[in-house]
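Peer 1: This is structure07.cif, which holds mmCIF, C-alpha atoms:
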```
data_target
#
loop_
_atom_site.label_atom_id
_atom_site.label_comp_id
_atom_site.auth_asym_id
_atom_site.auth_seq_id
_atom_site.Cartn_x
_atom_site.Cartn_y
_atom_site.Cartn_z
CA MET A 574 -83.69 -43.71 -74.05
CA THR A 575 -80.35 -44.66 -75.58
CA CYS A 576 -80.03 -47.20 -78.37
CA ASP A 577 -78.59 -49.79 -75.97
CA GLN A 578 -81.51 -49.30 -73.60
CA LEU A 579 -83.93 -49.70 -76.50
CA LEU A 580 -82.20 -52.84 -77.71
CA GLN A 581 -82.17 -54.34 -74.22
CA THR A 582 -85.93 -53.98 -74.03
CA ILE A 583 -86.47 -55.60 -77.41
CA ASN A 584 -86.16 -59.21 -76.18
CA GLU A 585 -88.94 -58.77 -73.69
CA TYR A 586 -91.06 -56.92 -76.21
CA VAL A 587 -90.61 -59.61 -78.89
CA ASP A 588 -91.40 -62.32 -76.31
CA GLY A 589 -94.43 -60.45 -75.01
CA THR A 590 -93.08 -60.35 -71.46
CA LEU A 591 -92.70 -56.60 -71.10
CA ASP A 592 -94.43 -55.18 -68.05
CA MET A 593 -96.09 -52.17 -69.66
CA VAL A 594 -96.93 -50.71 -66.26
CA LEU A 595 -93.29 -49.82 -65.64
CA PRO A 596 -92.32 -46.23 -66.63
CA GLU A 597 -89.31 -47.34 -68.68
CA CYS A 598 -91.50 -49.76 -70.62
CA GLN A 599 -94.02 -47.04 -71.30
CA GLU A 600 -91.16 -44.89 -72.56
CA PHE A 601 -90.14 -47.73 -74.86
CA ALA A 602 -93.70 -48.12 -76.18
CA GLU A 603 -93.96 -44.37 -76.81
CA HIS A 604 -90.65 -44.40 -78.67
CA LEU A 605 -91.66 -47.42 -80.73
CA ALA A 606 -94.94 -45.81 -81.77
CA GLY A 607 -93.01 -43.00 -83.47
CA CYS A 608 -89.87 -44.78 -84.71
CA ASN A 609 -90.18 -46.69 -87.98
CA PRO A 610 -86.60 -48.07 -87.98
CA CYS A 611 -87.20 -49.65 -84.55
CA GLN A 612 -90.51 -51.11 -85.76
CA VAL A 613 -88.73 -52.65 -88.75
CA VAL A 614 -85.95 -54.09 -86.57
CA ILE A 615 -88.53 -55.75 -84.32
CA ASP A 616 -90.36 -57.11 -87.35
CA ASN A 617 -87.05 -58.43 -88.73
CA ILE A 618 -86.31 -60.20 -85.42
CA ARG A 619 -89.77 -61.78 -85.29
CA LYS A 620 -89.34 -63.01 -88.86
CA THR A 621 -85.85 -64.31 -88.10
CA ILE A 622 -87.20 -66.43 -85.28
CA ALA A 623 -90.18 -67.58 -87.37
CA LEU A 624 -87.88 -68.54 -90.23
CA TYR A 625 -85.69 -70.70 -88.03
CA LYS A 626 -88.75 -72.29 -86.43
CA ALA A 627 -90.19 -73.06 -89.87
CA GLY A 628 -87.00 -74.83 -90.98
CA GLU A 629 -87.14 -78.48 -91.99
CA PRO A 630 -85.47 -80.79 -89.47
CA TYR A 631 -82.35 -82.56 -90.67
CA PRO A 632 -83.47 -86.01 -91.87
CA LEU A 633 -82.25 -88.87 -89.70
CA PRO A 634 -80.07 -91.15 -91.88
CA GLN A 635 -81.89 -94.46 -92.34
CA GLU A 636 -78.91 -96.70 -91.68
CA PHE A 637 -78.21 -94.79 -88.48
CA GLN A 638 -81.82 -95.19 -87.39
CA ALA A 639 -81.48 -98.97 -87.85
CA ARG A 640 -78.21 -99.03 -85.85
CA LEU A 641 -79.77 -96.91 -83.13
CA SER A 642 -82.80 -99.19 -82.81
CA GLN A 643 -80.52 -102.18 -82.52
CA ALA A 644 -78.35 -100.50 -79.86
CA LEU A 645 -81.39 -99.43 -77.83
CA ARG A 646 -82.96 -102.89 -78.06
CA LYS A 647 -79.74 -104.46 -76.84
CA ARG A 648 -79.44 -102.02 -73.92
CA TRP A 649 -83.11 -102.52 -73.01
CA GLN A 650 -82.71 -106.30 -72.94
CA ALA A 651 -79.59 -105.96 -70.81
CA ARG A 652 -81.35 -103.59 -68.41
CA PHE A 653 -84.62 -105.49 -68.25
CA PRO A 654 -83.66 -109.15 -68.88
CA GLN A 655 -86.96 -110.44 -67.56
CA GLY A 656 -88.80 -108.24 -70.06
CA GLY A 657 -90.07 -106.11 -67.16
CA SER A 658 -91.07 -102.44 -67.25
CA MET B 48 -90.39 -92.13 -81.40
CA SER B 49 -88.62 -91.67 -84.72
CA ARG B 50 -90.01 -88.12 -85.00
CA PHE B 51 -88.52 -87.37 -81.61
CA GLN B 52 -85.22 -88.93 -82.64
CA GLN B 53 -85.30 -86.64 -85.65
CA ARG B 54 -85.88 -83.61 -83.45
CA ILE B 55 -82.91 -84.54 -81.27
CA TYR B 56 -80.81 -85.16 -84.38
CA SER B 57 -81.67 -81.68 -85.70
CA LEU B 58 -80.83 -80.12 -82.34
CA ALA B 59 -77.55 -82.02 -82.26
CA TRP B 60 -76.67 -81.03 -85.81
CA HIS B 61 -77.34 -77.37 -85.05
CA ILE B 62 -75.00 -77.55 -82.08
CA VAL B 63 -72.16 -79.76 -83.34
CA GLY B 64 -72.44 -79.15 -87.08
CA GLN B 65 -71.39 -82.60 -88.30
CA ARG B 66 -73.24 -85.80 -89.16
CA GLN B 67 -71.07 -88.26 -87.21
CA ASP B 68 -71.05 -86.15 -84.07
CA ALA B 69 -74.80 -85.52 -84.36
CA GLU B 70 -75.38 -89.29 -84.60
CA ASP B 71 -73.21 -89.81 -81.51
CA VAL B 72 -75.28 -87.26 -79.61
CA VAL B 73 -78.53 -88.96 -80.56
CA GLN B 74 -77.25 -92.40 -79.62
CA GLN B 75 -75.81 -91.23 -76.30
CA THR B 76 -79.00 -89.33 -75.53
CA PHE B 77 -81.33 -92.28 -75.99
CA LEU B 78 -78.98 -94.67 -74.19
CA SER B 79 -78.88 -92.16 -71.31
CA ILE B 80 -82.66 -92.02 -71.26
CA LEU B 81 -82.79 -95.81 -70.88
CA GLU B 82 -80.25 -95.70 -68.07
CA HIS B 83 -81.89 -92.85 -66.18
CA LEU B 84 -85.61 -93.37 -66.72
CA ASP B 85 -86.12 -93.72 -63.01
CA THR B 86 -84.47 -90.35 -62.30
CA PHE B 87 -86.98 -88.31 -64.29
CA ARG B 88 -88.40 -85.94 -61.71
CA GLU B 89 -91.40 -84.52 -63.56
CA GLU B 90 -90.21 -81.00 -62.77
CA SER B 91 -90.22 -80.44 -66.48
CA SER B 92 -91.84 -82.11 -69.45
CA VAL B 93 -90.31 -85.28 -70.91
CA ALA B 94 -89.35 -83.35 -74.03
CA THR B 95 -87.49 -80.71 -72.01
CA TRP B 96 -85.72 -83.40 -69.99
CA VAL B 97 -84.58 -85.16 -73.14
CA LEU B 98 -83.48 -81.91 -74.78
CA ARG B 99 -81.32 -81.13 -71.77
CA ILE B 100 -79.69 -84.57 -71.90
CA ALA B 101 -79.03 -84.11 -75.62
CA THR B 102 -77.60 -80.63 -75.04
CA ASN B 103 -75.24 -82.00 -72.42
CA HIS B 104 -73.93 -84.67 -74.75
CA ALA B 105 -73.51 -82.10 -77.53
CA LEU B 106 -71.63 -79.78 -75.17
CA LYS B 107 -69.26 -82.63 -74.26
CA ILE B 108 -68.40 -82.97 -77.93
CA LEU B 109 -67.81 -79.23 -78.31
CA ARG B 110 -65.51 -79.24 -75.28
CA LYS B 111 -63.65 -82.29 -76.58
CA ARG B 112 -63.05 -80.46 -79.86
CA ARG B 113 -61.54 -77.56 -77.95
CA GLY B 114 -59.40 -79.93 -75.88
CA LEU B 115 -61.03 -78.75 -72.66
CA PRO B 116 -61.23 -81.15 -69.72
CA THR B 117 -64.48 -80.50 -67.88
CA VAL B 118 -67.99 -81.56 -68.85
CA SER B 119 -69.84 -78.31 -69.13
CA LEU B 120 -68.80 -75.68 -71.61
CA ASP B 121 -67.38 -72.63 -69.92
CA VAL B 122 -70.44 -70.61 -70.66
CA SER B 123 -70.40 -68.44 -67.58
CA ALA B 124 -70.92 -64.76 -68.15
CA ASP B 125 -67.89 -63.13 -69.66
CA ARG B 126 -66.81 -59.71 -70.84
CA ASP B 127 -68.56 -60.15 -74.17
CA ASP B 128 -71.88 -60.11 -72.36
CA GLU B 129 -71.07 -56.65 -71.05
CA ALA B 130 -69.77 -55.22 -74.32
CA ARG B 131 -71.89 -52.83 -76.37
CA LEU B 132 -74.73 -54.52 -78.22
CA PRO B 133 -74.39 -54.87 -81.99
CA HIS B 134 -76.49 -52.00 -83.30
CA PRO B 135 -78.64 -52.70 -86.37
CA ASP B 136 -76.78 -51.51 -89.44
CA TYR B 137 -78.92 -52.53 -92.40
CA ILE B 138 -82.62 -52.01 -91.65
CA ALA B 139 -85.16 -52.96 -94.30
CA GLN B 140 -88.37 -54.92 -94.71
CA TRP B 141 -87.91 -58.46 -95.95
CA ARG B 142 -89.03 -59.17 -99.50
CA ASP B 143 -91.04 -62.29 -98.54
CA ALA B 144 -92.78 -63.87 -95.56
CA PRO B 145 -90.92 -66.52 -93.51
CA GLU B 146 -93.21 -69.35 -94.60
CA VAL B 147 -92.42 -68.58 -98.25
CA LEU B 148 -88.69 -68.15 -97.64
CA ALA B 149 -88.45 -71.41 -95.68
CA GLN B 150 -89.28 -73.38 -98.84
CA ARG B 151 -86.22 -72.15 -100.74
CA ALA B 152 -83.05 -74.23 -100.70
CA GLU B 153 -80.78 -71.19 -100.91
CA VAL B 154 -82.52 -69.65 -97.88
CA ARG B 155 -82.12 -72.88 -95.90
CA HIS B 156 -78.43 -72.81 -96.76
CA LEU B 157 -78.23 -69.16 -95.63
CA LEU B 158 -79.90 -70.05 -92.31
CA GLU B 159 -77.46 -72.92 -91.70
CA GLN B 160 -74.47 -70.78 -92.52
CA ALA B 161 -75.62 -67.82 -90.41
CA LEU B 162 -76.22 -70.11 -87.42
CA ALA B 163 -72.91 -71.93 -87.87
CA ASP B 164 -71.05 -68.61 -88.00
CA LEU B 165 -72.37 -67.54 -84.59
CA ASP B 166 -70.09 -68.07 -81.62
CA ASP B 167 -71.04 -71.28 -79.74
CA LYS B 168 -72.32 -69.38 -76.70
CA TYR B 169 -74.82 -67.37 -78.77
CA ARG B 170 -75.81 -70.23 -81.05
CA LEU B 171 -76.61 -72.54 -78.13
CA VAL B 172 -78.92 -70.05 -76.48
CA PHE B 173 -80.70 -69.23 -79.74
CA ILE B 174 -81.21 -72.91 -80.61
CA LEU B 175 -82.59 -73.87 -77.23
CA ARG B 176 -84.75 -70.79 -76.69
CA ASP B 177 -85.98 -69.79 -80.12
CA VAL B 178 -85.75 -72.98 -82.18
CA GLU B 179 -86.58 -75.60 -79.51
CA GLY B 180 -88.87 -73.34 -77.48
CA LEU B 181 -87.34 -73.88 -74.05
CA SER B 182 -88.11 -71.15 -71.53
CA VAL B 183 -85.37 -68.76 -70.42
CA ARG B 184 -85.18 -70.67 -67.14
CA GLU B 185 -84.91 -74.08 -68.84
CA THR B 186 -82.27 -72.72 -71.23
CA ALA B 187 -80.29 -71.31 -68.30
CA GLN B 188 -80.46 -74.63 -66.43
CA SER B 189 -79.44 -76.62 -69.51
CA LEU B 190 -76.38 -74.46 -70.09
CA GLY B 191 -75.40 -73.65 -66.51
CA LEU B 192 -76.03 -69.95 -67.02
CA THR B 193 -77.93 -67.28 -65.13
CA GLU B 194 -81.22 -66.20 -66.69
CA SER B 195 -79.73 -62.76 -67.13
CA ALA B 196 -76.85 -64.19 -69.19
CA VAL B 197 -79.33 -66.15 -71.32
CA LYS B 198 -81.26 -62.97 -72.10
CA VAL B 199 -78.15 -61.01 -73.04
CA ARG B 200 -76.80 -63.77 -75.27
CA LEU B 201 -80.18 -64.36 -76.84
CA LEU B 202 -80.44 -60.68 -77.72
CA ARG B 203 -76.98 -60.72 -79.28
CA ALA B 204 -77.80 -63.86 -81.27
CA ARG B 205 -81.09 -62.40 -82.49
CA LEU B 206 -79.47 -59.10 -83.50
CA MET B 207 -76.59 -60.80 -85.34
CA LEU B 208 -78.86 -63.19 -87.17
CA ARG B 209 -81.28 -60.36 -87.99
CA GLU B 210 -78.44 -58.36 -89.51
CA ARG B 211 -77.11 -61.26 -91.58
CA LEU B 212 -80.51 -62.35 -92.85
CA THR B 213 -81.72 -58.84 -93.58
CA GLN B 214 -78.60 -58.14 -95.64
CA ALA B 215 -79.62 -61.11 -97.83
CA LEU B 216 -83.40 -61.00 -97.66
CA GLY B 217 -84.14 -57.30 -97.23
CA ASP B 218 -85.74 -55.12 -99.88
CA GLU B 219 -83.32 -52.29 -100.55
CA ALA B 220 -86.17 -50.03 -101.61
CA THR B 221 -87.51 -50.13 -98.06
CA GLN B 222 -84.23 -49.42 -96.31
CA VAL B 223 -84.56 -47.00 -93.39
CA PHE B 224 -81.99 -45.31 -91.22
CA PRO B 225 -82.15 -44.72 -87.45
CA PRO B 226 -82.82 -41.09 -86.55
CA HIS B 227 -79.94 -39.02 -85.19
CA ASP B 228 -81.30 -39.19 -81.64
CA HIS B 229 -80.40 -42.90 -81.51
CA GLN B 230 -77.08 -42.60 -79.63
#
```
So that I can check it, write out the structure of this file as structure tokens.

Peer 2:
Amino acid sequence: MTCDQLLQTINEYVDGTLDMVLPECQEFAEHLAGCNPCQVVIDNIRKTIALYKAGEPYPLPQEFQARLSQALRKRWQARFPQGGS
Amino acid sequence: MSRFQQRIYSLAWHIVGQRQDAEDVVQQTFLSILEHLDTFREESSVATWVLRIATNHALKILRKRRGLPTVSLDVSADRDDEARLPHPDYIAQWRDAPEVLAQRAEVRHLLEQALADLDDKYRLVFILRDVEGLSVRETAQSLGLTESAVKVRLLRARLMLRERLTQALGDEATQVFPPHDHQ
């Protein structure tokens, strides 16, 4: 397996969607079992994703939140003037 | 509701990179939701539907910045998708676990910078798929891409971010080198 072929399989492997029945996937698994650099790359990618997922959301500015609520209330009243659903 | 607004604001900020534009995206998104409540088809979850609306509004802003006329970003597959993948250069174990790193201000800054430095077409796929958790199919539909293009761009984004973060967060003592049979 070439490096490109290995890398192309990595997404599926990281996402757990690799069909291990397929011969090329078995070849990938066999390679991975004996290749420490590839194992580390996969671990790095998993940690990269986890790190971004763990990130704090950007805080919504309070004055914007107030303006947004006002704009939505106004639009809601215009759309449902009778106060209907 | 405000937690959801915050989520959309974060998504918008990741895509457009500026406070004013991110606020515009949030406002347009929730106004759109009010206008189109009756068009929600229940083919996806409410969250996914809203994320797609927000993504569309964010893409409009990106296109406006580039002075491009049409609504959707020209994100169709291009030559870059067929070019050789960026091979890992610096390979090392990270010094700390993600949950520990996420608490540090300098790491948060690194994450923002690394994401901002990605080309739009890779950043968008990474944000929707890996940060927001949309499926490959939902990501493809949101961006007007094939699923195959999503996978290729996601891989590129992951590899580029991995490289950048590992350069900063990797333990040099654990650096390893690919064997010579990696061609």

Peer 1: Check the smallest atom-to-atom distance from each of A:Tyr586, A:Phe601, A:Phe653, A:Tyr625 to chain B using all atoms listed in the file, then report the winner.

Peer 2: A:Tyr625

Peer 1: Could you work out how far atom CA of Gln53 of chain B lies from atom CA of Leu201 of chain B, giving the answer in Å with one decimal?

Peer 2: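 A separation of 24.5 Å between them.
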
Peer 1: Specify as a PyMOL selection string each residue included when the PyMOL selection byres ((chain A) within 9 of (chain B)) is applied to this file.

Peer 2: chain A and resi 574-577+580-581+583-585+608-611+613-614+616-618+620-634+637-638+641+644-645+648-649+652

Peer 1: Which centre and which edge lengths, in Å to one decimal, describe the axis-aligned box that holds all listed atoms of segment 126-145 of chain B after 3 Å is added on each side, as JSON?

Peer 2:
```
{"center_x": -79.8, "center_y": -59.0, "center_z": -85.2, "size_x": 32.0, "size_y": 21.0, "size_z": 34.7}
```

Peer 1: Can you work out the spacing between atom CA of Leu98 of chain B and atom CA of Glu636 of chain A in Å, to one decimal?

Peer 2: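 We find that atom CA of Leu98 of chain B and atom CA of Glu636 of chain A lie 22.9 Å from each other.
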
Peer 1: Measure the distance from atom CA of Arg99 of chain B to atom CA of Leu175 of chain B in Å and round it to one decimal.

Peer 2: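 Between atom CA of Arg99 of chain B and atom CA of Leu175 of chain B the gap is 9.2 Å.
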
Peer 1: Starting from the displayed file, determine the output of the PyMOL selection byres ((chain B and resi 103) around 10) and express the residue list as a list in words.

Peer 2: Val72, Thr76, Val97, Leu98, Arg99, Ile100, Ala101, Thr102, His104, Ala105, Leu106, Lys107, Ile108, Leu109, Val118, Ser119, Leu120, Ser189 and Leu190 of chain B

Peer 1: Between B:Arg200, B:Arg142, B:Phe51, B:Asp167, which residue has the minimum interatomic distance to Thr95 of chain B, considering only C-alpha atoms?

Peer 2: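 Nearest to Thr95 of chain B: B:Phe51.
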
Peer 1: Mind telling me what the PyMOL selection byres ((chain A and resi 602) around 12) catches here, as an mmCIF file with C-alpha atoms, in the frame of the given file?

Peer 2:
```cif
data_model
loop_
_atom_site.group_PDB
_atom_site.id
_atom_site.type_symbol
_atom_site.label_atom_id
_atom_site.label_comp_id
_atom_site.auth_asym_id
_atom_site.auth_seq_id
_atom_site.Cartn_x
_atom_site.Cartn_y
_atom_site.Cartn_z
ATOM 1 C CA MET A 574 -83.690 -43.710 -74.050
ATOM 2 C CA LEU A 579 -83.930 -49.700 -76.500
ATOM 3 C CA THR A 582 -85.930 -53.980 -74.030
ATOM 4 C CA ILE A 583 -86.470 -55.600 -77.410
ATOM 5 C CA GLU A 585 -88.940 -58.770 -73.690
ATOM 6 C CA TYR A 586 -91.060 -56.920 -76.210
ATOM 7 C CA LEU A 591 -92.700 -56.600 -71.100
ATOM 8 C CA ASP A 592 -94.430 -55.180 -68.050
ATOM 9 C CA MET A 593 -96.090 -52.170 -69.660
ATOM 10 C CA VAL A 594 -96.930 -50.710 -66.260
ATOM 11 C CA LEU A 595 -93.290 -49.820 -65.640
ATOM 12 C CA PRO A 596 -92.320 -46.230 -66.630
ATOM 13 C CA GLU A 597 -89.310 -47.340 -68.680
ATOM 14 C CA CYS A 598 -91.500 -49.760 -70.620
ATOM 15 C CA GLN A 599 -94.020 -47.040 -71.300
ATOM 16 C CA GLU A 600 -91.160 -44.890 -72.560
ATOM 17 C CA PHE A 601 -90.140 -47.730 -74.860
ATOM 18 C CA GLU A 603 -93.960 -44.370 -76.810
ATOM 19 C CA HIS A 604 -90.650 -44.400 -78.670
ATOM 20 C CA LEU A 605 -91.660 -47.420 -80.730
ATOM 21 C CA ALA A 606 -94.940 -45.810 -81.770
ATOM 22 C CA GLY A 607 -93.010 -43.000 -83.470
ATOM 23 C CA CYS A 608 -89.870 -44.780 -84.710
ATOM 24 C CA CYS A 611 -87.200 -49.650 -84.550
ATOM 25 C CA GLN A 612 -90.510 -51.110 -85.760
#
```
